[in-house]
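Okay, structure first, notes after.
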Amino acid sequence: MNREIIRSEHRAIKLGVIDSSIGSVRTQTETQTAVRVMDKGCIGLASACGVADVDALTRAAQESLLFEIAYPVQPEGPRSLRAEHAGEIRDVAGMVSLAETVLDSLKEEFPNFVFSHGVEQQQLAWNIESDSGLDLDYSRSSTQVAFIAKEKGSGNIIDTFVGVEGLVLDADGILAEFRSHLRAYMKPVAAVQGRQRVIFPGLDGMAGSGLFQLFRSDLTARTYAAGTSIFDGMVGDGEGHFNPAFGLQELRDPQQARVCPFDMEGVVRSPLNLDIVANGQLRAVAASKRDAVRYGLPQTGTAVGDVASLPVSGFGRLGATPTANGLVDLLDGEGAILVWFVAGGDSTRTGDIALPVAVALTVDGEGRPTGRLPGCTLTGNLFDVFGDDFVGVTRQSVDPYSDEPFLVTHMTVQG
Amino acid sequence: MSTLHPLEDIAISFPEGVYSDVRLERTADHRITLRDGTLDEVVSKVETGALLRVLKDGRWYIASTTDLDRLDEALAELAASDALSASSMPTGLEGLEVIQEAVWVFDDERVDRVPMSEKLALLQSHAGGLNRPSIRTWVARWIDQHRDRRFVSSMGANVRHDYQECGFILSFSMANGDSTASERYSEAGHRFGALAADQEAHRLTLAEFLDKCERFVADAVPVQPGPATVIMAPEVAGVFAHESFGHKSEADFMLGDPAMLDEWKMGTTVASDIVSIVDTGGVFGSGYMPFDDEGRRTTTTRLIEHGKLTGRLHNGMTAAVLGETPTGNARAISFRFEPIVRMTTTTIAAGTSTKAELFEGVADGYFIETVKHGSGMSTFTIAPGLCWRIRDGRIAEPVRVAVMTGTVFETLGEIDGLSDEVETPFMVGGGCGKMEQWPLSVSFGGPFVRVQRMNLA
């Protein structure tokens with residue numbers, strides 16, 4: 001029998017902002033512990049929130065072996081690894097000071113907006129250790145300043161968002177980002193239609209996540225093995241299904257991004273990042289150790305999930321191969337549309353993507369925001385958006401605190 | 001100690017000189033997953049925790065904890081905090097009714113006490129219906145949760161209530177040649193016994209649904225993008241009501257914006273005159289909640305009546321700031337979060353047409369039968385599942401639609417037909433998201449709703 005103990009700890013301080021002022025302070029401390037036992041090709045799991053008795057959890061996990069949940073994999077180990085992304089830790093007074101400095105300036109410079117939501121400092125840590133010698137640790141502390149901005153009298157519940165997240169934040173840098181966005185937002189410009197160059201600030205989050213939904217859903221082991229993936233038969237076929245310049249990875253390299261180097265089955269890949277698309281070719285499917293056995297696919301170190309669940313196959317943080325240094329290098333001196341916030345896009349099973357854009361800015365040829373477009377819908381087919389219409393990906397991050405690049409492509413704008 | 005409701009026995013000492021309250025919560029969750037016929041996961045989880053709030057100089061100091069042995073010390077620490085400058089903003093405590101009441105509805109049939117073997121047998125029974133050549137892969141999930149909440153305050157409140165839900169979700173990918181579709185079917189309710197008793201009916205409904213999905217996969221054509229007349233099924237209409245107007249009714253979005261208040265005066269016309277929308281906390285379903293998370297009794301709030309604005313949703317603070325009556329809509333997804341203004345069960349009221357009459361009025365349009373997800377701001381978005389073309393009042397070929405969008409008020413004004421029966425599905429395995437709080441158990445529904453013009457892509 002092999003036993004794995006997974007522990008997570010979460011500490012947070014959140015300043016709640018209402019009507020452009022701090023209205024509350026919330027502190028949160030939470031620990032979770034899970035025990036997985038693997039015996040005779042089966043697995044049992046038990047978990048607890050708060051103070052945990054590991055022996056009791058082990059007994060409970062052993063009892064759940066009675067369900068005979070198949071898990072015919074060799075446990076990881078022995079391996080020891082530690083990684084950390086250590087940000088600045090402020091006490092409550094320090095956070096209040098940062099938040100008030102930013103809010104005071106915003107209130108003075110942008111009196112037509114009401115700001116809400118908050119400032120949050122998060123400290124996360126998790127650890128996997130096992131009888132077979134696994135001892136993996138990861139921790140991250142970061143601060144997020146994020147405000148909903150509502151224009152007074154607009155009739156909308158939310159008009160736009162401003163936000164940054166990073167290891168070390170400073171008020172001047174935060175304000176520079178927020179000013180750039182809000183000043184452009186306040187300059188409405190006429191609608192545009194048809195095929196346009198569009199910029200996505202990041203691959204996850206409020207703008208880019210819809211664009212990558214099909215990569216996440218249809219490159220998981222079960223869907224791919226069942227033959228119902230939109231990418232059916234394409235992985236490893238050596239064909240260029242996308243633009244040769246387009247490369248997509250699941251990131252696990254902590255030197256490159258604020259990511260944990262191991263997955264939820266304790267796998268540490270070599271190299272750490274996984275090529276999903278390289279040179280326009282599809283290369284990998286998300287397959288945990290268990291799914292690799294079940295579906296006859298290569299194991300790719302892509303087990304995701306929370307402490308209290310058995311891991312499943314899926315991609316965590318996605319990254320794209322840079323093709324240019326800065327945004328300016330991808331604009332050919334012309335303007336483009338910066339997609340700021342997409343409200344619930346989706347795609348059909350034929351790869352047609354529709355992204356209803358609530359907030360889009362125009363940018364000039366240098367990549368500077370210049371004005372706000374009316375809400376619109378972006379459409380395009382996945383194989384075009386990352387194929388002939390693809391322009392490139394920057395090394396430049398979307399703001400000084402972020403580890404996300406800009407991605408530029410072409411899509412069709414409908415009014 | 002109470003074996004049914006252990007939170008009842010926790011004694012709390014409140015600090016002097018400040019208002020404080022504690023929301024204690026115990027949840028028992030169970031989950032069973034079958035994948036393509038194999039038992040994939042069995043999870044049993046109990047969480048107990050508390051959210052503590054102290055109001056000092058007009059500001060809230062809040063802590064969430066799983067350490068229930070330290071509640072008194074944690075309250076004292078919050079009462080000693082002075083990180084924020086004083087505020088004169090109304091807090092909502094003025095005139096607060098102090099309630100001491102227990103509403104235990106589910107003691108007679110606790111879903112957390114039903115053996116896992118019975119839940120697994122029920123799930124396996126329904127998963128058997130997925131064994132069709134057209135279905136290439138499937139996941140069947142059983143989900144249940146029993147939740148006890150107790151709200152106590154330094155003013156003497158002591159409110160206790162329970163909630164539970166259970167159900168199964170069958171997700172599957174279907175293929176016909178190169179054409180594929182992913183859909184899901186679910187049944188849920190408050191009680192295991194009712195779900196077990198309805199097994200045969202659910203089997204037949206599932207079979208009909210799968211037949212329909214097979215037809216969709218075989219024949220669906222891409223939508224012609226652009227504006228079109230649309231009829232929404234009750235489930236879709238519920239998502240529309242929730243996303244399009246419900247969120248706009250949450251009063252926290254109005255703070256600090258007198259111009260918006262002016263624009264949103266009661267009596268303002270916001271929809272066509274056949275539209276009425278109501279939010280109700282006390283009705284059974286996935287939005288059921290007899291008391292909110294500030295210890296207030298939940299109510300029925302008429303948001304729109306015959307097209308005119310008649311109400312909005314409040315917690316104590318927003319009601320006090322805007323000078324309106326609290327509606328008992330302060331809700332949090334768990335003990336980890338402070339309560340904010342949220343919906344409960346939001347429905348569009350029935351109209352006077354029959355379903356057939358609604359369809360007869362459409363020469364060329366679309367019927368949106370199922371929905372994958374929705375979201376709403378100034379515009380709303382609904383991602384449909386099964387859609388069908390309507391030709392000359394009859395359902396015709398299936399159509400693939402990625403999203404359906406519209407501007408809230410324009411769309412509410414374009415509603416020209418409502419059927420005469422309301423359906424409010426019980427939701428399990430999802431819910432509403434607002435800020436960082438997702439998923440919150442809510443419910444929504446309506447009749448069949450006809451909209452003259454919505455944008456499809």
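Every chain in the structure tokens takes a letter, A first, then B, and so on in the order presented; its residues are numbered from 1, and the ligands are numbered from 1 following the presented order.
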
Please, which residues of region 49-229 of chain A, numbered as in this document, come out alpha helix (DSSP H) from DSSP, as number ranges by chain?
-> A: 54-63, 92-109, 171-185, 205-208, 213-218, 221-226

Using only C-alpha atoms, which protein or nucleic acid residues come within 6 Å of region 426-438 of chain B? Drop anything in the same chain fewer than 3 positions from it, and give the result as a PDB file with N, CA and C atoms, in the first residue's frame.
ATOM      1  N   ALA B 188     -32.979  16.667 -10.303  1.00  0.00           N
ATOM      2  CA  ALA B 188     -32.552  17.018  -8.954  1.00  0.00           C
ATOM      3  C   ALA B 188     -33.749  17.420  -8.109  1.00  0.00           C
ATOM      4  N   GLY B 285     -37.046  24.636  -3.754  1.00  0.00           N
ATOM      5  CA  GLY B 285     -36.311  24.583  -5.006  1.00  0.00           C
ATOM      6  C   GLY B 285     -34.873  24.937  -4.705  1.00  0.00           C
ATOM      7  N   SER B 286     -34.054  25.040  -5.744  1.00  0.00           N
ATOM      8  CA  SER B 286     -32.631  25.276  -5.489  1.00  0.00           C
ATOM      9  C   SER B 286     -32.322  26.705  -5.041  1.00  0.00           C
ATOM     10  N   SER B 441     -26.350  28.469  -4.781  1.00  0.00           N
ATOM     11  CA  SER B 441     -27.590  27.770  -5.162  1.00  0.00           C
ATOM     12  C   SER B 441     -28.688  28.801  -5.428  1.00  0.00           C
ATOM     13  N   VAL B 442     -29.147  28.837  -6.642  1.00  0.00           N
ATOM     14  CA  VAL B 442     -30.275  29.702  -7.004  1.00  0.00           C
ATOM     15  C   VAL B 442     -31.196  28.891  -7.906  1.00  0.00           C
TER      16      VAL B 442
END

List as JSON lines every residue of chain A that is in contact with chain B, defined as an atom at most 8 Å from one of its atoms (using only C-alpha atoms), together with the nearest atom pair and the distance in Å rounded to one decimal, sorted by chain and then rising number.
{"residue": "A:Ile18", "atom": "CA", "partner": "B:Leu255", "partner_atom": "CA", "distance": 7.6}
{"residue": "A:Asp19", "atom": "CA", "partner": "B:Gly256", "partner_atom": "CA", "distance": 5.2}
{"residue": "A:Ile22", "atom": "CA", "partner": "B:Leu84", "partner_atom": "CA", "distance": 7.8}
{"residue": "A:Gly23", "atom": "CA", "partner": "B:Arg59", "partner_atom": "CA", "distance": 5.6}
{"residue": "A:Ser24", "atom": "CA", "partner": "B:Trp60", "partner_atom": "CA", "distance": 4.5}
{"residue": "A:Val25", "atom": "CA", "partner": "B:Tyr61", "partner_atom": "CA", "distance": 5.0}
{"residue": "A:Arg26", "atom": "CA", "partner": "B:Ile62", "partner_atom": "CA", "distance": 4.3}
{"residue": "A:Thr27", "atom": "CA", "partner": "B:Ala63", "partner_atom": "CA", "distance": 4.7}
{"residue": "A:Gln28", "atom": "CA", "partner": "B:Ser64", "partner_atom": "CA", "distance": 5.0}
{"residue": "A:Thr29", "atom": "CA", "partner": "B:Thr65", "partner_atom": "CA", "distance": 6.1}
{"residue": "A:Glu30", "atom": "CA", "partner": "B:Thr66", "partner_atom": "CA", "distance": 6.7}
{"residue": "A:Leu45", "atom": "CA", "partner": "B:Val43", "partner_atom": "CA", "distance": 7.3}
{"residue": "A:Ala46", "atom": "CA", "partner": "B:Ser44", "partner_atom": "CA", "distance": 7.4}
{"residue": "A:Ser47", "atom": "CA", "partner": "B:Lys45", "partner_atom": "CA", "distance": 6.8}
{"residue": "A:Ala48", "atom": "CA", "partner": "B:Lys45", "partner_atom": "CA", "distance": 7.1}
{"residue": "A:Cys49", "atom": "CA", "partner": "B:Glu47", "partner_atom": "CA", "distance": 6.0}
{"residue": "A:Gly50", "atom": "CA", "partner": "B:Thr66", "partner_atom": "CA", "distance": 5.3}
{"residue": "A:Val51", "atom": "CA", "partner": "B:Asp67", "partner_atom": "CA", "distance": 7.6}
{"residue": "A:Ser64", "atom": "CA", "partner": "B:Val42", "partner_atom": "CA", "distance": 8.0}
{"residue": "A:Phe67", "atom": "CA", "partner": "B:Val42", "partner_atom": "CA", "distance": 7.7}
{"residue": "A:Ile69", "atom": "CA", "partner": "B:Leu39", "partner_atom": "CA", "distance": 5.8}
{"residue": "A:Ala70", "atom": "CA", "partner": "B:Asp40", "partner_atom": "CA", "distance": 7.3}
{"residue": "A:Val92", "atom": "CA", "partner": "B:Ala83", "partner_atom": "CA", "distance": 6.8}
{"residue": "A:Ala93", "atom": "CA", "partner": "B:Ala83", "partner_atom": "CA", "distance": 5.8}
{"residue": "A:Val96", "atom": "CA", "partner": "B:Ala83", "partner_atom": "CA", "distance": 7.4}
{"residue": "A:Val114", "atom": "CA", "partner": "B:Gly256", "partner_atom": "CA", "distance": 6.3}
{"residue": "A:His117", "atom": "CA", "partner": "B:Met435", "partner_atom": "CA", "distance": 7.4}
{"residue": "A:Lys152", "atom": "CA", "partner": "B:Asp257", "partner_atom": "CA", "distance": 5.2}
{"residue": "A:Gly153", "atom": "CA", "partner": "B:Ala259", "partner_atom": "CA", "distance": 4.5}
{"residue": "A:Ser154", "atom": "CA", "partner": "B:Met260", "partner_atom": "CA", "distance": 6.8}
{"residue": "A:Gly155", "atom": "CA", "partner": "B:Met260", "partner_atom": "CA", "distance": 5.6}
{"residue": "A:Asn156", "atom": "CA", "partner": "B:Ser378", "partner_atom": "CA", "distance": 5.2}
{"residue": "A:Ile157", "atom": "CA", "partner": "B:Phe253", "partner_atom": "CA", "distance": 5.4}
{"residue": "A:Ile158", "atom": "CA", "partner": "B:Met377", "partner_atom": "CA", "distance": 6.2}
{"residue": "A:Asp159", "atom": "CA", "partner": "B:Ser378", "partner_atom": "CA", "distance": 7.6}
{"residue": "A:Arg222", "atom": "CA", "partner": "B:Thr137", "partner_atom": "CA", "distance": 7.2}
{"residue": "A:Thr223", "atom": "CA", "partner": "B:Thr137", "partner_atom": "CA", "distance": 7.0}
{"residue": "A:Ala226", "atom": "CA", "partner": "B:Arg136", "partner_atom": "CA", "distance": 5.4}
{"residue": "A:Gly227", "atom": "CA", "partner": "B:Arg136", "partner_atom": "CA", "distance": 7.2}
{"residue": "A:Thr228", "atom": "CA", "partner": "B:Thr180", "partner_atom": "CA", "distance": 6.1}
{"residue": "A:Ala308", "atom": "CA", "partner": "B:Val43", "partner_atom": "CA", "distance": 7.7}
{"residue": "A:Ser309", "atom": "CA", "partner": "B:Val43", "partner_atom": "CA", "distance": 6.9}
{"residue": "A:Leu310", "atom": "CA", "partner": "B:Glu41", "partner_atom": "CA", "distance": 6.7}
{"residue": "A:Ala343", "atom": "CA", "partner": "B:Ser375", "partner_atom": "CA", "distance": 6.1}
{"residue": "A:Gly344", "atom": "CA", "partner": "B:Ser375", "partner_atom": "CA", "distance": 5.6}
{"residue": "A:Gly345", "atom": "CA", "partner": "B:Val403", "partner_atom": "CA", "distance": 6.6}
{"residue": "A:Asp346", "atom": "CA", "partner": "B:Ala402", "partner_atom": "CA", "distance": 5.4}
{"residue": "A:Ser347", "atom": "CA", "partner": "B:Ala402", "partner_atom": "CA", "distance": 5.0}
{"residue": "A:Thr348", "atom": "CA", "partner": "B:Ala402", "partner_atom": "CA", "distance": 5.3}
{"residue": "A:Arg349", "atom": "CA", "partner": "B:Thr180", "partner_atom": "CA", "distance": 6.3}
{"residue": "A:Thr350", "atom": "CA", "partner": "B:Ser179", "partner_atom": "CA", "distance": 7.9}
{"residue": "A:Asp352", "atom": "CA", "partner": "B:Ala402", "partner_atom": "CA", "distance": 7.4}
{"residue": "A:Ile353", "atom": "CA", "partner": "B:Ala402", "partner_atom": "CA", "distance": 6.8}
{"residue": "A:Ala354", "atom": "CA", "partner": "B:Ala402", "partner_atom": "CA", "distance": 6.0}
{"residue": "A:Leu355", "atom": "CA", "partner": "B:Val403", "partner_atom": "CA", "distance": 7.9}
{"residue": "A:Pro356", "atom": "CA", "partner": "B:Thr381", "partner_atom": "CA", "distance": 7.1}
{"residue": "A:Ala358", "atom": "CA", "partner": "B:Thr379", "partner_atom": "CA", "distance": 7.1}
{"residue": "A:Thr379", "atom": "CA", "partner": "B:Ala457", "partner_atom": "CA", "distance": 7.8}

Would you export the selected residues with C-alpha atoms as a short mmCIF file (atom, residue, chain, number, x, y, z; two decimals), in the first residue's frame, please?
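Contents of selection07.cif, freshly written:
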data_model
loop_
_atom_site.label_atom_id
_atom_site.label_comp_id
_atom_site.auth_asym_id
_atom_site.auth_seq_id
_atom_site.Cartn_x
_atom_site.Cartn_y
_atom_site.Cartn_z
CA ILE A 18 -17.87 49.78 -1.80
CA ASP A 19 -18.68 53.15 -3.34
CA ILE A 22 -12.86 50.51 1.86
CA GLY A 23 -15.90 49.17 3.70
CA SER A 24 -14.56 45.99 5.24
CA VAL A 25 -11.52 43.92 6.12
CA ARG A 26 -11.77 40.14 5.89
CA THR A 27 -9.12 37.69 6.98
CA GLN A 28 -9.20 34.04 6.03
CA THR A 29 -7.14 31.10 7.17
CA GLU A 30 -7.88 27.62 5.99
CA LEU A 45 -9.49 9.03 -0.52
CA ALA A 46 -10.45 10.95 2.59
CA SER A 47 -10.08 14.64 3.38
CA ALA A 48 -10.74 17.18 6.10
CA CYS A 49 -10.97 20.92 6.40
CA GLY A 50 -9.24 22.52 9.39
CA VAL A 51 -7.24 20.59 11.96
CA SER A 64 -13.08 3.74 0.95
CA PHE A 67 -15.50 0.91 -3.47
CA ILE A 69 -12.07 2.47 -7.62
CA ALA A 70 -9.50 1.41 -10.19
CA VAL A 92 -3.62 45.03 7.15
CA ALA A 93 -2.37 48.58 7.70
CA VAL A 96 -5.11 49.76 3.62
CA VAL A 114 -17.77 54.47 -8.85
CA HIS A 117 -14.67 45.08 -5.41
CA LYS A 152 -22.22 57.21 -12.94
CA GLY A 153 -25.59 57.27 -14.64
CA SER A 154 -24.69 54.66 -17.22
CA GLY A 155 -27.55 52.39 -16.24
CA ASN A 156 -25.17 49.43 -16.32
CA ILE A 157 -24.24 47.33 -13.33
CA ILE A 158 -20.63 47.17 -14.50
CA ASP A 159 -19.01 49.29 -17.17
CA ARG A 222 -11.44 10.88 -22.46
CA THR A 223 -12.84 13.13 -25.18
CA ALA A 226 -13.65 8.61 -27.60
CA GLY A 227 -13.23 10.16 -31.03
CA THR A 228 -15.57 13.05 -30.28
CA ALA A 308 -10.46 16.79 -1.69
CA SER A 309 -10.93 15.12 -5.08
CA LEU A 310 -9.20 12.50 -7.14
CA ALA A 343 -19.08 38.17 -21.42
CA GLY A 344 -19.65 34.45 -21.77
CA GLY A 345 -18.50 33.38 -25.21
CA ASP A 346 -18.78 29.88 -26.60
CA SER A 347 -18.05 27.76 -29.63
CA THR A 348 -19.83 25.17 -31.73
CA ARG A 349 -18.60 21.64 -32.34
CA THR A 350 -17.39 22.74 -35.75
CA ASP A 352 -16.92 28.37 -34.79
CA ILE A 353 -16.15 30.73 -31.93
CA ALA A 354 -18.38 33.63 -30.88
CA LEU A 355 -17.14 36.03 -28.22
CA PRO A 356 -19.54 38.76 -27.05
CA ALA A 358 -18.51 43.88 -23.41
CA THR A 379 -16.48 35.52 -34.57
#

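Note that CA of Trp126 (chain A) and CA of Val164 (chain A) are 23.9 Å apart.
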
Excluding same-chain residues fewer than 3 positions from Thr370 (chain B), what lies within 10 Å of it counting only C-alpha atoms, as a PyMOL selection string?
-> chain B and resi 183-185+232-237+367+373+383-387

Selection export as a PDB file, in the first residue's frame, atoms kept: C-alpha atoms:
ATOM      1  CA  GLU B 183     -25.023  17.675 -23.942  1.00  0.00           C
ATOM      2  CA  ARG B 184     -26.198  16.934 -20.440  1.00  0.00           C
ATOM      3  CA  TYR B 185     -29.315  15.741 -18.705  1.00  0.00           C
ATOM      4  CA  MET B 232     -36.953  30.412 -25.338  1.00  0.00           C
ATOM      5  CA  ALA B 233     -37.913  27.281 -23.402  1.00  0.00           C
ATOM      6  CA  PRO B 234     -38.670  27.860 -19.678  1.00  0.00           C
ATOM      7  CA  GLU B 235     -35.163  26.881 -18.549  1.00  0.00           C
ATOM      8  CA  VAL B 236     -33.616  29.272 -21.073  1.00  0.00           C
ATOM      9  CA  ALA B 237     -36.107  32.000 -20.151  1.00  0.00           C
ATOM     10  CA  PHE B 367     -36.490  27.745 -30.726  1.00  0.00           C
ATOM     11  CA  HIS B 373     -24.435  28.845 -19.627  1.00  0.00           C
ATOM     12  CA  ALA B 383     -24.808  29.907 -24.901  1.00  0.00           C
ATOM     13  CA  PRO B 384     -27.551  27.604 -26.213  1.00  0.00           C
ATOM     14  CA  GLY B 385     -27.391  23.833 -26.444  1.00  0.00           C
ATOM     15  CA  LEU B 386     -30.176  22.363 -28.574  1.00  0.00           C
ATOM     16  CA  CYS B 387     -31.684  24.877 -31.026  1.00  0.00           C
TER      17      CYS B 387
END

Give me the residues within 10 Å of Leu206 (chain B) as a JSON list (two decimals) with N, CA and C atoms, in the first residue's frame, counting only C-alpha atoms and dropping any in the same chain fewer than 2 places off.
[["chain", "number", "residue", "atom", "x", "y", "z"],
["B", 126, "HIS", "N", -29.66, 5.06, -13.93],
["B", 126, "HIS", "CA", -29.87, 6.07, -14.99],
["B", 126, "HIS", "C", -28.75, 6.07, -16.00],
["B", 127, "ALA", "N", -27.52, 5.81, -15.55],
["B", 127, "ALA", "CA", -26.39, 5.81, -16.49],
["B", 127, "ALA", "C", -26.57, 4.71, -17.54],
["B", 129, "GLY", "N", -29.03, 4.15, -19.24],
["B", 129, "GLY", "CA", -29.74, 4.74, -20.39],
["B", 129, "GLY", "C", -28.80, 5.35, -21.41],
["B", 130, "LEU", "N", -27.55, 5.55, -21.03],
["B", 130, "LEU", "CA", -26.59, 6.18, -21.95],
["B", 130, "LEU", "C", -25.91, 5.17, -22.87],
["B", 170, "LEU", "N", -25.98, 13.70, -16.11],
["B", 170, "LEU", "CA", -25.42, 12.79, -17.12],
["B", 170, "LEU", "C", -24.88, 13.63, -18.26],
["B", 184, "ARG", "N", -26.04, 17.49, -21.77],
["B", 184, "ARG", "CA", -26.20, 16.93, -20.44],
["B", 184, "ARG", "C", -27.67, 16.87, -20.06],
["B", 185, "TYR", "N", -27.95, 15.92, -19.20],
["B", 185, "TYR", "CA", -29.32, 15.74, -18.71],
["B", 185, "TYR", "C", -29.22, 15.64, -17.19],
["B", 186, "SER", "N", -30.09, 16.33, -16.49],
["B", 186, "SER", "CA", -30.03, 16.22, -15.03],
["B", 186, "SER", "C", -31.41, 16.18, -14.42],
["B", 187, "GLU", "N", -31.49, 15.57, -13.26],
["B", 187, "GLU", "CA", -32.70, 15.57, -12.43],
["B", 187, "GLU", "C", -32.24, 15.85, -11.01],
["B", 200, "GLU", "N", -38.70, 5.77, -13.03],
["B", 200, "GLU", "CA", -39.22, 5.31, -14.31],
["B", 200, "GLU", "C", -39.54, 6.50, -15.22],
["B", 201, "ALA", "N", -40.17, 7.51, -14.64],
["B", 201, "ALA", "CA", -40.49, 8.71, -15.43],
["B", 201, "ALA", "C", -39.20, 9.37, -15.94],
["B", 202, "HIS", "N", -38.20, 9.43, -15.09],
["B", 202, "HIS", "CA", -36.94, 10.05, -15.50],
["B", 202, "HIS", "C", -36.27, 9.25, -16.62],
["B", 203, "ARG", "N", -36.40, 7.93, -16.57],
["B", 203, "ARG", "CA", -35.81, 7.11, -17.62],
["B", 203, "ARG", "C", -36.44, 7.42, -18.99],
["B", 204, "LEU", "N", -37.77, 7.56, -18.96],
["B", 204, "LEU", "CA", -38.46, 7.86, -20.21],
["B", 204, "LEU", "C", -38.08, 9.24, -20.73],
["B", 208, "GLU", "N", -36.23, 10.15, -24.35],
["B", 208, "GLU", "CA", -36.76, 11.14, -25.32],
["B", 208, "GLU", "C", -35.71, 12.20, -25.62],
["B", 209, "PHE", "N", -35.02, 12.62, -24.57],
["B", 209, "PHE", "CA", -33.99, 13.66, -24.75],
["B", 209, "PHE", "C", -32.85, 13.15, -25.63],
["B", 210, "LEU", "N", -32.45, 11.91, -25.40],
["B", 210, "LEU", "CA", -31.36, 11.34, -26.20],
["B", 210, "LEU", "C", -31.77, 11.18, -27.67],
["B", 211, "ASP", "N", -33.03, 10.82, -27.89],
["B", 211, "ASP", "CA", -33.52, 10.73, -29.28],
["B", 211, "ASP", "C", -33.37, 12.09, -29.97],
["B", 212, "LYS", "N", -33.74, 13.10, -29.23],
["B", 212, "LYS", "CA", -33.70, 14.46, -29.77],
["B", 212, "LYS", "C", -32.24, 14.86, -30.06]]

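Minimum atom-to-atom distance to Arg391 (chain B), evaluated using only C-alpha atoms, belongs to B:Val230 out of B:Ala349, B:Val230, B:Ile169, B:Met317.
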
Just the residues within 6 Å of Leu65 (chain A), please, counting only C-alpha atoms, with nothing from its chain fewer than 2 positions along; format it as a list in words.
-> Ile43, Gly44, Gln62, Glu63, Phe67 and Glu68 of chain A

Spatial neighbours of Arg140 (chain A), max dist 8 Å, only C-alpha atoms, sep filter under 6 positions, as an MDAnalysis selection string = chainID A and resid 84:87 122:125 258

Backbone DSSP call of strand (DSSP E) for region 2-227 of chain B, listed as number ranges by chain = B: 19-35, 38-56, 59-65, 100-103, 135-153, 158-176, 179-189, 221-222, 226-227

With distances taken over only C-alpha atoms, which of B:Pro133, B:Gly287, B:Gly316, B:Gly238 is nearest to Gly445 (chain B)?
-> B:Gly238

Which neighbours of Arg290 (chain A) fall inside 10 Å, counting only C-alpha atoms, when residues of the same chain fewer than 5 positions from it are skipped, and could you give them as a ChimeraX atom specification?
-> /A:70-74,265,295-296,299,303,311-313

Work out how far CA of Gln249 (chain A) is from CA of Gly301 (chain A), in Å to one decimal.
-> 12.5 Å

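Distances here use only C-alpha atoms; by that measure, the residue among B:His190, B:His161, B:Lys308, B:Arg450 closest to Met266 (chain B) is B:Lys308.
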